[in-house]
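*Asks:* So here's upload26.cif (mmCIF, C-alpha atoms (C1' of nucleotides)).
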```
data_final
loop_
_atom_site.group_PDB
_atom_site.id
_atom_site.type_symbol
_atom_site.label_atom_id
_atom_site.label_comp_id
_atom_site.auth_asym_id
_atom_site.auth_seq_id
_atom_site.Cartn_x
_atom_site.Cartn_y
_atom_site.Cartn_z
ATOM 1 C CA MET W 1 0.000 0.000 0.000
ATOM 2 C CA LEU W 2 1.439 3.279 -1.049
ATOM 3 C CA ASP W 3 1.456 6.355 1.087
ATOM 4 C CA VAL W 4 0.672 9.057 -1.381
ATOM 5 C CA LYS W 5 -0.333 11.905 0.853
ATOM 6 C CA SER W 6 3.162 12.514 2.163
ATOM 7 C CA PRO W 7 5.262 14.361 -0.375
ATOM 8 C CA PRO W 8 8.298 12.277 -1.212
ATOM 9 C CA ALA W 9 11.405 13.503 0.530
ATOM 10 C CA ASP W 10 13.273 13.425 -2.770
ATOM 11 C CA LEU W 11 10.663 15.531 -4.507
ATOM 12 C CA GLU W 12 11.992 18.854 -3.327
ATOM 13 C CA ARG W 13 15.541 17.927 -4.156
ATOM 14 C CA LEU W 14 14.466 16.743 -7.572
ATOM 15 C CA ALA W 15 12.606 20.002 -8.172
ATOM 16 C CA ARG W 16 15.761 21.934 -7.277
ATOM 17 C CA TRP W 17 17.815 19.960 -9.772
ATOM 18 C CA LEU W 18 15.173 20.347 -12.438
ATOM 19 C CA LYS W 19 14.981 24.082 -11.860
ATOM 20 C CA VAL W 20 18.712 24.505 -12.322
ATOM 21 C CA LEU W 21 18.692 22.477 -15.517
ATOM 22 C CA ALA W 22 15.474 23.920 -16.925
ATOM 23 C CA GLU W 23 17.165 27.128 -18.040
ATOM 24 C CA PRO W 24 18.048 26.632 -21.738
ATOM 25 C CA THR W 25 21.358 28.482 -21.584
ATOM 26 C CA ARG W 26 22.367 26.577 -18.473
ATOM 27 C CA LEU W 27 21.304 23.253 -19.927
ATOM 28 C CA TYR W 28 23.415 24.002 -22.979
ATOM 29 C CA ILE W 29 26.370 24.879 -20.773
ATOM 30 C CA PHE W 30 25.957 21.598 -18.929
ATOM 31 C CA HIS W 31 25.807 19.856 -22.267
ATOM 32 C CA LEU W 32 29.041 21.508 -23.423
ATOM 33 C CA ILE W 33 30.760 20.529 -20.203
ATOM 34 C CA MET W 34 29.722 16.920 -20.727
ATOM 35 C CA GLU W 35 31.132 17.136 -24.231
ATOM 36 C CA GLY W 36 34.468 18.337 -22.959
ATOM 37 C CA TYR W 37 34.283 22.086 -23.384
ATOM 38 C CA GLN W 38 35.016 23.130 -19.880
ATOM 39 C CA CYS W 39 36.569 26.556 -19.518
ATOM 40 C CA ASN W 40 34.614 29.725 -19.008
ATOM 41 C CA CYS W 41 35.957 31.519 -22.068
ATOM 42 C CA VAL W 42 35.091 28.821 -24.582
ATOM 43 C CA LEU W 43 31.663 28.334 -23.120
ATOM 44 C CA GLY W 44 31.033 32.046 -23.411
ATOM 45 C CA SER W 45 32.291 32.414 -26.950
ATOM 46 C CA ASP W 46 30.468 29.305 -28.041
ATOM 47 C CA LEU W 47 27.200 30.594 -26.649
ATOM 48 C CA GLY W 48 27.727 34.199 -27.660
ATOM 49 C CA ILE W 49 27.116 35.493 -24.165
ATOM 50 C CA PRO W 50 29.341 37.549 -21.845
ATOM 51 C CA ALA W 51 31.722 35.741 -19.528
ATOM 52 C CA ASN W 52 30.085 36.982 -16.366
ATOM 53 C CA LEU W 53 26.814 35.411 -17.421
ATOM 54 C CA VAL W 54 28.572 32.123 -17.915
ATOM 55 C CA SER W 55 29.996 32.514 -14.416
ATOM 56 C CA TYR W 56 26.526 33.117 -13.094
ATOM 57 C CA HIS W 57 25.154 29.947 -14.634
ATOM 58 C CA LEU W 58 28.166 27.888 -13.673
ATOM 59 C CA ARG W 59 27.765 29.026 -10.115
ATOM 60 C CA ALA W 60 24.175 27.825 -10.130
ATOM 61 C CA LEU W 61 25.259 24.450 -11.455
ATOM 62 C CA ARG W 62 28.001 24.277 -8.834
ATOM 63 C CA LYS W 63 25.653 25.188 -6.006
ATOM 64 C CA ALA W 64 23.380 22.396 -7.145
ATOM 65 C CA GLY W 65 26.357 20.067 -6.899
ATOM 66 C CA LEU W 66 26.139 19.110 -10.544
ATOM 67 C CA VAL W 67 29.545 20.413 -11.582
ATOM 68 C CA ASP W 68 32.959 20.765 -9.989
ATOM 69 C CA MET W 69 35.647 23.291 -10.723
ATOM 70 C CA GLN W 70 39.412 22.959 -10.943
ATOM 71 C CA ARG W 71 42.161 25.449 -11.554
ATOM 72 C CA ASP W 72 44.876 24.900 -14.104
ATOM 73 C CA PRO W 73 47.984 23.622 -12.244
ATOM 74 C CA THR W 74 50.383 25.665 -14.359
ATOM 75 C CA ASP W 75 48.335 28.834 -14.801
ATOM 76 C CA ALA W 76 45.860 29.357 -12.019
ATOM 77 C CA ARG W 77 43.936 31.965 -13.942
ATOM 78 C CA TRP W 78 42.233 29.285 -15.971
ATOM 79 C CA VAL W 79 39.335 27.430 -14.451
ATOM 80 C CA TYR W 80 37.953 24.182 -15.742
ATOM 81 C CA TYR W 81 34.544 22.807 -14.978
ATOM 82 C CA SER W 82 33.567 19.162 -14.966
ATOM 83 C CA VAL W 83 30.505 17.082 -14.326
ATOM 84 C CA ASN W 84 30.191 15.682 -10.821
ATOM 85 C CA GLU W 85 29.642 12.072 -11.692
ATOM 86 C CA GLU W 86 28.224 11.101 -8.327
ATOM 87 C CA ALA W 87 25.624 13.834 -8.613
ATOM 88 C CA LEU W 88 24.853 12.783 -12.160
ATOM 89 C CA ALA W 89 24.320 9.208 -11.000
ATOM 90 C CA ALA W 90 22.054 10.394 -8.204
ATOM 91 C CA LEU W 91 20.154 12.576 -10.636
ATOM 92 C CA ASN W 92 19.650 9.703 -13.038
ATOM 93 C CA LYS W 93 18.446 7.517 -10.211
ATOM 94 C CA ALA W 94 15.994 10.157 -9.024
ATOM 95 C CA LEU W 95 14.703 10.794 -12.525
ATOM 96 C CA GLY W 96 14.346 7.114 -13.300
ATOM 97 C CA GLY W 97 12.491 6.524 -10.055
ATOM 98 C CA PHE W 98 10.166 9.445 -10.332
ATOM 99 C CA PHE W 99 9.217 9.112 -13.984
ATOM 100 C CA ASP W 100 8.992 5.335 -13.922
ATOM 101 C CA PRO W 101 5.913 4.380 -16.023
ATOM 102 C CA GLU W 102 5.315 1.496 -13.618
ATOM 103 C CA ARG W 103 4.331 4.058 -11.004
ATOM 104 C CA ILE W 104 1.222 5.085 -12.921
ATOM 105 C CA GLN W 105 -1.846 4.019 -10.961
ATOM 106 C CA PRO W 106 -5.468 3.822 -12.145
ATOM 107 C CA ARG W 107 -7.687 6.591 -10.910
ATOM 108 C CA ARG W 108 -8.730 6.362 -7.285
ATOM 109 C CA THR W 109 -12.460 6.464 -6.701
ATOM 110 C CA ILE W 110 -12.392 9.069 -3.985
ATOM 111 C CA CYS W 111 -13.769 11.798 -6.190
ATOM 112 C CA GLY W 112 -16.376 11.987 -8.892
ATOM 113 C CA PRO W 113 -20.083 11.211 -8.585
ATOM 114 C CA GLN W 114 -20.554 8.556 -5.933
ATOM 115 C CA ASP W 115 -22.575 6.273 -8.163
ATOM 116 C CA THR W 116 -19.901 6.149 -10.805
ATOM 117 C CA ILE W 117 -18.236 2.771 -10.641
ATOM 118 C CA LEU W 118 -15.772 3.251 -13.391
ATOM 119 C CA ASP W 119 -13.862 0.934 -15.584
ATOM 120 C CA VAL W 120 -10.719 2.894 -16.275
ATOM 121 C CA ASN W 121 -10.180 1.186 -19.595
ATOM 122 C CA GLU W 122 -13.535 2.287 -20.933
ATOM 123 C CA ILE W 123 -13.107 5.991 -20.360
ATOM 124 C CA GLU W 124 -12.447 7.851 -23.560
ATOM 125 C CA PHE W 125 -9.401 10.047 -23.555
ATOM 126 C CA ASN W 126 -9.113 13.418 -25.179
ATOM 127 C CA SER W 127 -6.009 15.507 -24.912
ATOM 128 C CA GLY W 128 -7.889 18.774 -24.651
ATOM 129 C CA ASP W 129 -7.622 21.725 -27.010
ATOM 130 C CA GLN W 130 -4.469 22.932 -25.277
ATOM 131 C CA THR W 131 -5.269 26.614 -25.686
ATOM 132 C CA MET D 1 33.422 12.479 -34.231
ATOM 133 C CA LEU D 2 30.900 14.499 -32.363
ATOM 134 C CA ASP D 3 29.547 17.788 -33.546
ATOM 135 C CA VAL D 4 29.306 19.758 -30.363
ATOM 136 C CA LYS D 5 28.947 23.269 -31.656
ATOM 137 C CA SER D 6 25.427 22.742 -32.929
ATOM 138 C CA PRO D 7 22.923 22.782 -30.093
ATOM 139 C CA PRO D 8 21.034 19.490 -30.077
ATOM 140 C CA ALA D 9 17.578 19.816 -31.568
ATOM 141 C CA ASP D 10 16.132 18.005 -28.552
ATOM 142 C CA LEU D 11 17.782 20.383 -26.120
ATOM 143 C CA GLU D 12 15.156 23.076 -26.377
ATOM 144 C CA ARG D 13 12.323 20.605 -26.084
ATOM 145 C CA LEU D 14 13.995 19.015 -23.089
ATOM 146 C CA ALA D 15 14.416 22.416 -21.466
ATOM 147 C CA ARG D 16 10.711 23.088 -21.955
ATOM 148 C CA TRP D 17 9.783 19.825 -20.268
ATOM 149 C CA LEU D 18 12.189 20.463 -17.442
ATOM 150 C CA LYS D 19 10.824 23.961 -16.919
ATOM 151 C CA VAL D 20 7.275 22.676 -16.598
ATOM 152 C CA LEU D 21 8.303 20.013 -14.117
ATOM 153 C CA ALA D 22 10.753 22.165 -12.165
ATOM 154 C CA GLU D 23 7.982 23.945 -10.287
ATOM 155 C CA PRO D 24 7.619 22.113 -6.936
ATOM 156 C CA THR D 25 3.832 22.432 -6.738
ATOM 157 C CA ARG D 26 3.485 21.246 -10.318
ATOM 158 C CA LEU D 27 5.880 18.382 -9.820
ATOM 159 C CA TYR D 28 3.871 17.305 -6.822
ATOM 160 C CA ILE D 29 0.661 17.499 -8.848
ATOM 161 C CA PHE D 30 2.239 15.338 -11.517
ATOM 162 C CA HIS D 31 3.284 12.924 -8.807
ATOM 163 C CA LEU D 32 -0.251 12.729 -7.434
ATOM 164 C CA ILE D 33 -1.641 12.105 -10.896
ATOM 165 C CA MET D 34 0.795 9.236 -11.352
ATOM 166 C CA GLU D 35 -0.355 7.860 -8.025
ATOM 167 C CA GLY D 36 -3.970 7.915 -9.107
ATOM 168 C CA TYR D 37 -5.267 11.142 -7.623
ATOM 169 C CA GLN D 38 -6.588 12.739 -10.732
ATOM 170 C CA CYS D 39 -9.403 15.182 -10.181
ATOM 171 C CA ASN D 40 -8.920 18.877 -9.645
ATOM 172 C CA CYS D 41 -10.669 19.016 -6.276
ATOM 173 C CA VAL D 42 -8.638 16.304 -4.590
ATOM 174 C CA LEU D 43 -5.406 17.687 -5.935
ATOM 175 C CA GLY D 44 -6.291 21.088 -4.535
ATOM 176 C CA SER D 45 -7.369 19.876 -1.114
ATOM 177 C CA ASP D 46 -4.371 17.606 -0.862
ATOM 178 C CA LEU D 47 -1.992 20.439 -1.634
ATOM 179 C CA GLY D 48 -3.878 23.054 0.339
ATOM 180 C CA ILE D 49 -4.072 25.436 -2.594
ATOM 181 C CA PRO D 50 -7.086 26.996 -4.351
ATOM 182 C CA ALA D 51 -8.673 25.119 -7.221
ATOM 183 C CA ASN D 52 -7.890 27.772 -9.782
ATOM 184 C CA LEU D 53 -4.205 27.442 -9.040
ATOM 185 C CA VAL D 54 -4.447 23.719 -9.623
ATOM 186 C CA SER D 55 -6.122 24.489 -12.942
ATOM 187 C CA TYR D 56 -3.283 26.807 -13.823
ATOM 188 C CA HIS D 57 -0.649 24.164 -13.196
ATOM 189 C CA LEU D 58 -2.653 21.429 -14.881
ATOM 190 C CA ARG D 59 -2.965 23.603 -17.931
ATOM 191 C CA ALA D 60 0.801 23.996 -18.043
ATOM 192 C CA LEU D 61 1.245 20.242 -17.808
ATOM 193 C CA ARG D 62 -1.352 19.755 -20.520
ATOM 194 C CA LYS D 63 0.249 22.303 -22.820
ATOM 195 C CA ALA D 64 3.509 20.454 -22.421
ATOM 196 C CA GLY D 65 1.726 17.299 -23.495
ATOM 197 C CA LEU D 66 2.535 15.509 -20.266
ATOM 198 C CA VAL D 67 -1.035 14.961 -19.114
ATOM 199 C CA ASP D 68 -4.391 14.360 -20.748
ATOM 200 C CA MET D 69 -7.814 15.259 -19.472
ATOM 201 C CA GLN D 70 -11.108 13.400 -19.583
ATOM 202 C CA ARG D 71 -14.587 14.293 -18.442
ATOM 203 C CA ASP D 72 -16.692 11.988 -16.335
ATOM 204 C CA PRO D 73 -19.119 10.172 -18.654
ATOM 205 C CA THR D 74 -22.015 10.358 -16.188
ATOM 206 C CA ASP D 75 -21.391 13.816 -14.719
ATOM 207 C CA ALA D 76 -19.526 16.072 -17.069
ATOM 208 C CA ARG D 77 -18.689 18.532 -14.359
ATOM 209 C CA TRP D 78 -15.902 16.315 -13.107
ATOM 210 C CA VAL D 79 -12.619 16.306 -14.937
ATOM 211 C CA TYR D 80 -9.959 13.668 -14.543
ATOM 212 C CA TYR D 81 -6.342 14.062 -15.473
ATOM 213 C CA SER D 82 -3.981 11.306 -16.460
ATOM 214 C CA VAL D 83 -0.388 10.908 -17.495
ATOM 215 C CA ASN D 84 0.235 10.826 -21.228
ATOM 216 C CA GLU D 85 2.249 7.646 -21.399
ATOM 217 C CA GLU D 86 3.724 8.348 -24.813
ATOM 218 C CA ALA D 87 5.016 11.692 -23.603
ATOM 219 C CA LEU D 88 6.380 10.076 -20.466
ATOM 220 C CA ALA D 89 8.230 7.517 -22.556
ATOM 221 C CA ALA D 90 9.639 10.268 -24.765
ATOM 222 C CA LEU D 91 10.653 12.227 -21.686
ATOM 223 C CA ASN D 92 12.433 9.253 -20.179
ATOM 224 C CA LYS D 93 14.230 8.648 -23.442
ATOM 225 C CA ALA D 94 15.326 12.276 -23.668
ATOM 226 C CA LEU D 95 16.461 12.339 -20.055
ATOM 227 C CA GLY D 96 18.322 9.059 -20.370
ATOM 228 C CA GLY D 97 20.055 10.223 -23.512
ATOM 229 C CA PHE D 98 21.018 13.625 -22.258
ATOM 230 C CA PHE D 99 22.250 12.659 -18.799
ATOM 231 C CA ASP D 100 23.970 9.492 -19.925
ATOM 232 C CA PRO D 101 27.281 9.302 -18.003
ATOM 233 C CA GLU D 102 28.852 7.736 -21.085
ATOM 234 C CA ARG D 103 28.568 11.099 -22.784
ATOM 235 C CA ILE D 104 31.101 12.701 -20.459
ATOM 236 C CA GLN D 105 34.218 13.579 -22.430
ATOM 237 C CA PRO D 106 37.678 14.518 -21.116
ATOM 238 C CA ARG D 107 38.519 18.182 -21.363
ATOM 239 C CA ARG D 108 39.325 19.453 -24.812
ATOM 240 C CA THR D 109 42.668 21.210 -25.111
ATOM 241 C CA ILE D 110 41.384 24.218 -26.981
ATOM 242 C CA CYS D 111 41.647 26.501 -24.001
ATOM 243 C CA GLY D 112 44.138 26.955 -21.209
ATOM 244 C CA PRO D 113 47.830 27.821 -21.486
ATOM 245 C CA GLN D 114 49.143 26.456 -24.782
ATOM 246 C CA ASP D 115 52.055 24.657 -23.192
ATOM 247 C CA THR D 116 49.833 22.694 -20.877
ATOM 248 C CA ILE D 117 49.689 19.145 -22.104
ATOM 249 C CA LEU D 118 47.386 17.785 -19.530
ATOM 250 C CA ASP D 119 46.679 14.353 -18.233
ATOM 251 C CA VAL D 120 43.066 14.586 -17.220
ATOM 252 C CA ASN D 121 43.464 11.906 -14.588
ATOM 253 C CA GLU D 122 46.135 13.849 -12.755
ATOM 254 C CA ILE D 123 44.206 17.043 -12.299
ATOM 255 C CA GLU D 124 43.081 17.476 -8.743
ATOM 256 C CA PHE D 125 39.434 18.114 -8.278
ATOM 257 C CA ASN D 126 37.894 20.436 -5.767
ATOM 258 C CA SER D 127 34.194 21.049 -5.597
ATOM 259 C CA GLY D 128 34.530 24.722 -4.804
ATOM 260 C CA ASP D 129 33.257 26.501 -1.723
ATOM 261 C CA GLN D 130 29.748 26.719 -3.176
ATOM 262 C CA THR D 131 28.967 30.112 -1.702
ATOM 263 C "C1'" DT O 1 -36.480 28.190 -13.193
ATOM 264 C "C1'" DA O 2 -33.353 28.788 -9.544
ATOM 265 C "C1'" DT O 3 -29.508 27.139 -7.045
ATOM 266 C "C1'" DA O 4 -25.418 24.344 -6.393
ATOM 267 C "C1'" DT O 5 -21.274 22.117 -7.960
ATOM 268 C "C1'" DA O 6 -16.823 21.528 -10.469
ATOM 269 C "C1'" DC O 7 -13.884 23.812 -12.788
ATOM 270 C "C1'" DT O 8 -11.811 27.605 -15.786
ATOM 271 C "C1'" DT O 9 -10.595 32.220 -17.134
ATOM 272 C "C1'" DC O 10 -9.378 36.879 -16.156
ATOM 273 C "C1'" DA O 11 -6.860 40.901 -14.332
ATOM 274 C "C1'" DA O 12 -3.739 42.482 -10.964
ATOM 275 C "C1'" DC O 13 -0.063 41.728 -7.896
ATOM 276 C "C1'" DT O 14 4.211 39.762 -6.478
ATOM 277 C "C1'" DA O 15 8.429 37.387 -6.457
ATOM 278 C "C1'" DT O 16 11.866 35.200 -8.759
ATOM 279 C "C1'" DC O 17 15.525 35.115 -11.802
ATOM 280 C "C1'" DA O 18 18.134 35.825 -16.224
ATOM 281 C "C1'" DT O 19 20.555 39.599 -18.202
ATOM 282 C "C1'" DT O 20 23.612 43.695 -18.470
ATOM 283 C "C1'" DG O 21 27.532 46.762 -17.624
ATOM 284 C "C1'" DA O 22 30.874 48.114 -14.499
ATOM 285 C "C1'" DA O 23 33.970 47.280 -10.902
ATOM 286 C "C1'" DG O 24 36.795 43.943 -8.404
ATOM 287 C "C1'" DT O 25 40.079 39.859 -7.560
ATOM 288 C "C1'" DA O 26 43.772 36.887 -8.507
ATOM 289 C "C1'" DT O 27 47.347 35.347 -11.201
ATOM 290 C "C1'" DA O 28 50.692 35.874 -14.905
ATOM 291 C "C1'" DT O 29 53.622 38.473 -18.012
ATOM 292 C "C1'" DT O 30 56.610 42.338 -19.404
ATOM 293 C "C1'" DA G 1 56.098 48.019 -10.711
ATOM 294 C "C1'" DA G 2 52.873 48.174 -14.350
ATOM 295 C "C1'" DT G 3 49.956 45.962 -17.509
ATOM 296 C "C1'" DA G 4 47.296 42.051 -19.254
ATOM 297 C "C1'" DT G 5 44.494 37.998 -18.760
ATOM 298 C "C1'" DA G 6 40.817 34.964 -16.889
ATOM 299 C "C1'" DC G 7 37.327 35.097 -14.243
ATOM 300 C "C1'" DT G 8 34.075 36.664 -10.434
ATOM 301 C "C1'" DT G 9 31.172 39.780 -7.868
ATOM 302 C "C1'" DC G 10 28.083 43.616 -7.537
ATOM 303 C "C1'" DA G 11 24.047 46.600 -8.330
ATOM 304 C "C1'" DA G 12 20.377 47.593 -11.346
ATOM 305 C "C1'" DT G 13 17.191 46.324 -14.852
ATOM 306 C "C1'" DG G 14 13.641 43.662 -17.267
ATOM 307 C "C1'" DA G 15 11.075 39.733 -18.209
ATOM 308 C "C1'" DT G 16 9.007 35.670 -16.837
ATOM 309 C "C1'" DA G 17 5.916 33.207 -14.164
ATOM 310 C "C1'" DG G 18 3.500 31.761 -9.704
ATOM 311 C "C1'" DT G 19 -0.156 33.427 -6.733
ATOM 312 C "C1'" DT G 20 -4.562 35.613 -5.461
ATOM 313 C "C1'" DG G 21 -9.463 36.931 -5.582
ATOM 314 C "C1'" DA G 22 -13.285 37.636 -8.368
ATOM 315 C "C1'" DA G 23 -16.005 36.683 -12.222
ATOM 316 C "C1'" DG G 24 -17.401 33.368 -15.748
ATOM 317 C "C1'" DT G 25 -18.817 28.744 -17.934
ATOM 318 C "C1'" DA G 26 -20.920 24.395 -18.062
ATOM 319 C "C1'" DT G 27 -23.362 20.838 -16.107
ATOM 320 C "C1'" DA G 28 -26.369 18.862 -12.603
ATOM 321 C "C1'" DT G 29 -29.866 18.985 -8.986
ATOM 322 C "C1'" DA G 30 -33.990 20.725 -6.379
#
```
Show this structure as structure tokens.
*Replies:*
Amino acid sequence: MLDVKSPPADLERLARWLKVLAEPTRLYIFHLIMEGYQCNCVLGSDLGIPANLVSYHLRALRKAGLVDMQRDPTDARWVYYSVNEEALAALNKALGGFFDPERIQPRRTICGPQDTILDVNEIEFNSGDQT
Amino acid sequence: MLDVKSPPADLERLARWLKVLAEPTRLYIFHLIMEGYQCNCVLGSDLGIPANLVSYHLRALRKAGLVDMQRDPTDARWVYYSVNEEALAALNKALGGFFDPERIQPRRTICGPQDTILDVNEIEFNSGDQT
DNA sequence: TATATACTTCAACTATCATTGAAGTATATT
DNA sequence: AATATACTTCAATGATAGTTGAAGTATATA
């Protein structure tokens, strides 16, 4: 028996991760880091945005624990960013758990007209006009 | 050979999905729908928020294609929401593809001091102070 | 026909957050 | 010591989007 009323403890953490990654520019930055483009300057020039904005987004990713930073050992002015693999694994686990199709339950009969004993499979679906 | 410069076509779509789901209240609503709580009233009472706000979030989820709506066949006042399983499958595929750890590449040597021939495995990592 | 229910839409407010330009920090080079 | 480079921090702006309360729509019941 599932306890649905209590919000999952992971839900808030997942929402935080999603929020950080939901920003298109930031998602693209994360993508570039995964692909091996990891210094501030290249990220900025590749995206066509000022360096300080890249810093801003990188900081958000770092605060979320998704990326790490390292300074160049020979020239400490250069900073390289990399994906935190543990965080990525945790993220994947959280995503896979939350969006697991197996979790989908048939509608609970706690709302709707009382005399409606429904057969879920017989209800016609319509996606709505989406206006 | 990977073409990294071109932003993936899926990236924008993924960002849209993430943005819709990144809102904690909305994520919780989506969770409740997966668990079988699918009418507006229950969602609202369970979350302790007004019905119109639930409508607002449900509309966002519907516009993103993540949920469908259906009216009660015997009493058309009641509306039930359900997860669009095709969209969920597509979402899972997109997430799995994008956050695949296998995609992580070592740093490209197009930035940094020119004389730095680096061995990626020897660079010390530090997560930053995260302030 | 009048009232109640379930839900949606609307307009206004508010808060959050991405963006911008300038100033600041740290390191390296001349 | 002075300048340049790589990057970060700061303050201010602007846009997006969640929240609220009231009005509106559609269906059902008395």
*Asks:* Return the single residue from O:DA12, O:DC17, O:DT3, O:DA28 that is closest to Val20 (chain W), with distances computed using all atoms listed in the file.
*Replies:*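 Distance minimum relative to Val20 (chain W) lands on O:DC17.
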*Asks:* Compile a residue-level contact table for chain D against chain G at a cut-off of 10 Å, reporting for every qualifying residue the shortest atom pair and its distance in Å to one decimal, with only C-alpha atoms (C1' of nucleotides) counted, rows ordered by chain and ascending number, as a Markdown table.
*Replies:*
```
| residue | atom | partner | partner_atom | distance |
| --- | --- | --- | --- | --- |
| D:Glu23 | CA | G:DG18 | C1' | 9.0 |
| D:Thr25 | CA | G:DG18 | C1' | 9.8 |
| D:Ile49 | CA | G:DT19 | C1' | 9.8 |
| D:Pro50 | CA | G:DT20 | C1' | 9.0 |
| D:Asn52 | CA | G:DT20 | C1' | 9.6 |
| D:Leu53 | CA | G:DT19 | C1' | 7.6 |
| D:Tyr56 | CA | G:DG18 | C1' | 9.4 |
| D:His57 | CA | G:DG18 | C1' | 9.3 |
| D:Asp75 | CA | G:DA28 | C1' | 7.4 |
| D:Ala76 | CA | G:DT27 | C1' | 6.2 |
| D:Arg77 | CA | G:DT27 | C1' | 5.5 |
| D:Trp78 | CA | G:DT27 | C1' | 9.2 |
| D:Gly112 | CA | G:DA6 | C1' | 9.7 |
```
*Asks:* Generate a file of the selected residues that holds C-alpha atoms, formatted as a compact mmCIF listing (two decimals), in the frame of the given file.
*Replies:*
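Contents of again-v2.txt, freshly written:
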```txt
# COMPACT_ATOMS: atom_id res chain seq x y z
CA GLU D 23 7.98 23.94 -10.29
CA THR D 25 3.83 22.43 -6.74
CA ILE D 49 -4.07 25.44 -2.59
CA PRO D 50 -7.09 27.00 -4.35
CA ASN D 52 -7.89 27.77 -9.78
CA LEU D 53 -4.20 27.44 -9.04
CA TYR D 56 -3.28 26.81 -13.82
CA HIS D 57 -0.65 24.16 -13.20
CA ASP D 75 -21.39 13.82 -14.72
CA ALA D 76 -19.53 16.07 -17.07
CA ARG D 77 -18.69 18.53 -14.36
CA TRP D 78 -15.90 16.32 -13.11
CA GLY D 112 44.14 26.96 -21.21
```
*Asks:* Mind checking which residues fall within 9 Å of region 26-35 of chain W, counting all atoms listed in the file, ignoring those fewer than 3 positions away in the same chain, and posting them as an NGL selection string?
*Replies:* (:W and (20-23 or 38-39 or 43-44 or 47 or 54 or 57-58 or 60-61 or 66-67 or 81-83)) or (:D and (2 or 4-5 or 7-8 or 11-12 or 15 or 98-99 or 101 or 103-108))
*Asks:* To one decimal place in Å, what is the distance between CA of Cys111 (chain D) and CA of Val42 (chain W)?
*Replies:*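 For CA of Cys111 (chain D) relative to CA of Val42 (chain W), the distance reads 7.0 Å.
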*Asks:* How far is it from CA of Leu91 (chain W) to CA of Asp68 (chain D), in Å with one decimal?
*Replies:*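 For CA of Leu91 (chain W) relative to CA of Asp68 (chain D), the distance reads 26.6 Å.
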*Asks:* Which value, in Å to one decimal, gives the distance between CA of Ile110 (chain D) and CA of Ala51 (chain W)?
*Replies:*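 Those two atoms sit 16.8 Å apart.
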*Asks:* For the file shown, report as a list in words the outcome of the PyMOL selection byres ((chain O) within 10 of (chain D)) at residue level.
*Replies:* DT5, DA6, DC7, DT8 and DT9 of chain O
*Asks:* May I ask which of the residues D:Glu86, D:Asp10, D:Ser45, D:Arg62 is the closest one to chain W, counting only C-alpha atoms?
*Replies:*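 For chain W, the nearest of the given residues is D:Arg62.
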*Asks:* Measuring atom to atom with all atoms listed in the file, identify which of W:Pro73, W:Gly65, W:Gly36, W:Gly96 is nearest to chain D.
*Replies:*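 The shortest atom-to-atom distance to chain D comes from W:Gly36.
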*Asks:* Which of these residues is nearest to DA26 (chain O), using only C-alpha atoms (C1' of nucleotides): W:Arg13, W:Pro24, W:Thr109, W:Arg71?
*Replies:*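 Going through W:Arg13, W:Pro24, W:Thr109, W:Arg71 one by one, the smallest distance to DA26 (chain O) is for W:Arg71.
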*Asks:* Around all of region 63-78 of chain W's listed atoms, make the axis-aligned box with 3 Å on each side and tell me centre and edge lengths in Å to one decimal, as JSON.
*Replies:*
```
{"center_x": 36.9, "center_y": 25.5, "center_z": -11.0, "size_x": 33.0, "size_y": 18.9, "size_z": 16.0}
```
*Asks:* Could you write region 13-22 of chain W as a compact mmCIF listing (two decimals), keeping the file's coordinate frame, with N, CA and C atoms rebuilt where they are missing?
*Replies:*
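So out_9.txt came out as:
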```
# COMPACT_ATOMS: atom_id res chain seq x y z
N ARG W 13 14.19 17.96 -3.60
CA ARG W 13 15.54 17.93 -4.16
C ARG W 13 15.50 17.78 -5.67
N LEU W 14 14.61 16.93 -6.13
CA LEU W 14 14.47 16.74 -7.57
C LEU W 14 14.03 18.03 -8.25
N ALA W 15 13.08 18.73 -7.61
CA ALA W 15 12.61 20.00 -8.17
C ALA W 15 13.75 21.01 -8.26
N ARG W 16 14.61 21.01 -7.26
CA ARG W 16 15.76 21.93 -7.28
C ARG W 16 16.68 21.63 -8.45
N TRP W 17 16.98 20.35 -8.64
CA TRP W 17 17.82 19.96 -9.77
C TRP W 17 17.17 20.36 -11.09
N LEU W 18 15.87 20.05 -11.20
CA LEU W 18 15.17 20.35 -12.44
C LEU W 18 15.19 21.84 -12.73
N LYS W 19 15.02 22.62 -11.68
CA LYS W 19 14.98 24.08 -11.86
C LYS W 19 16.32 24.60 -12.40
N VAL W 20 17.38 24.09 -11.86
CA VAL W 20 18.71 24.50 -12.32
C VAL W 20 18.91 24.14 -13.79
N LEU W 21 18.45 22.97 -14.16
CA LEU W 21 18.69 22.48 -15.52
C LEU W 21 17.66 22.96 -16.53
N ALA W 22 16.58 23.53 -16.04
CA ALA W 22 15.47 23.92 -16.92
C ALA W 22 15.81 25.16 -17.74
```
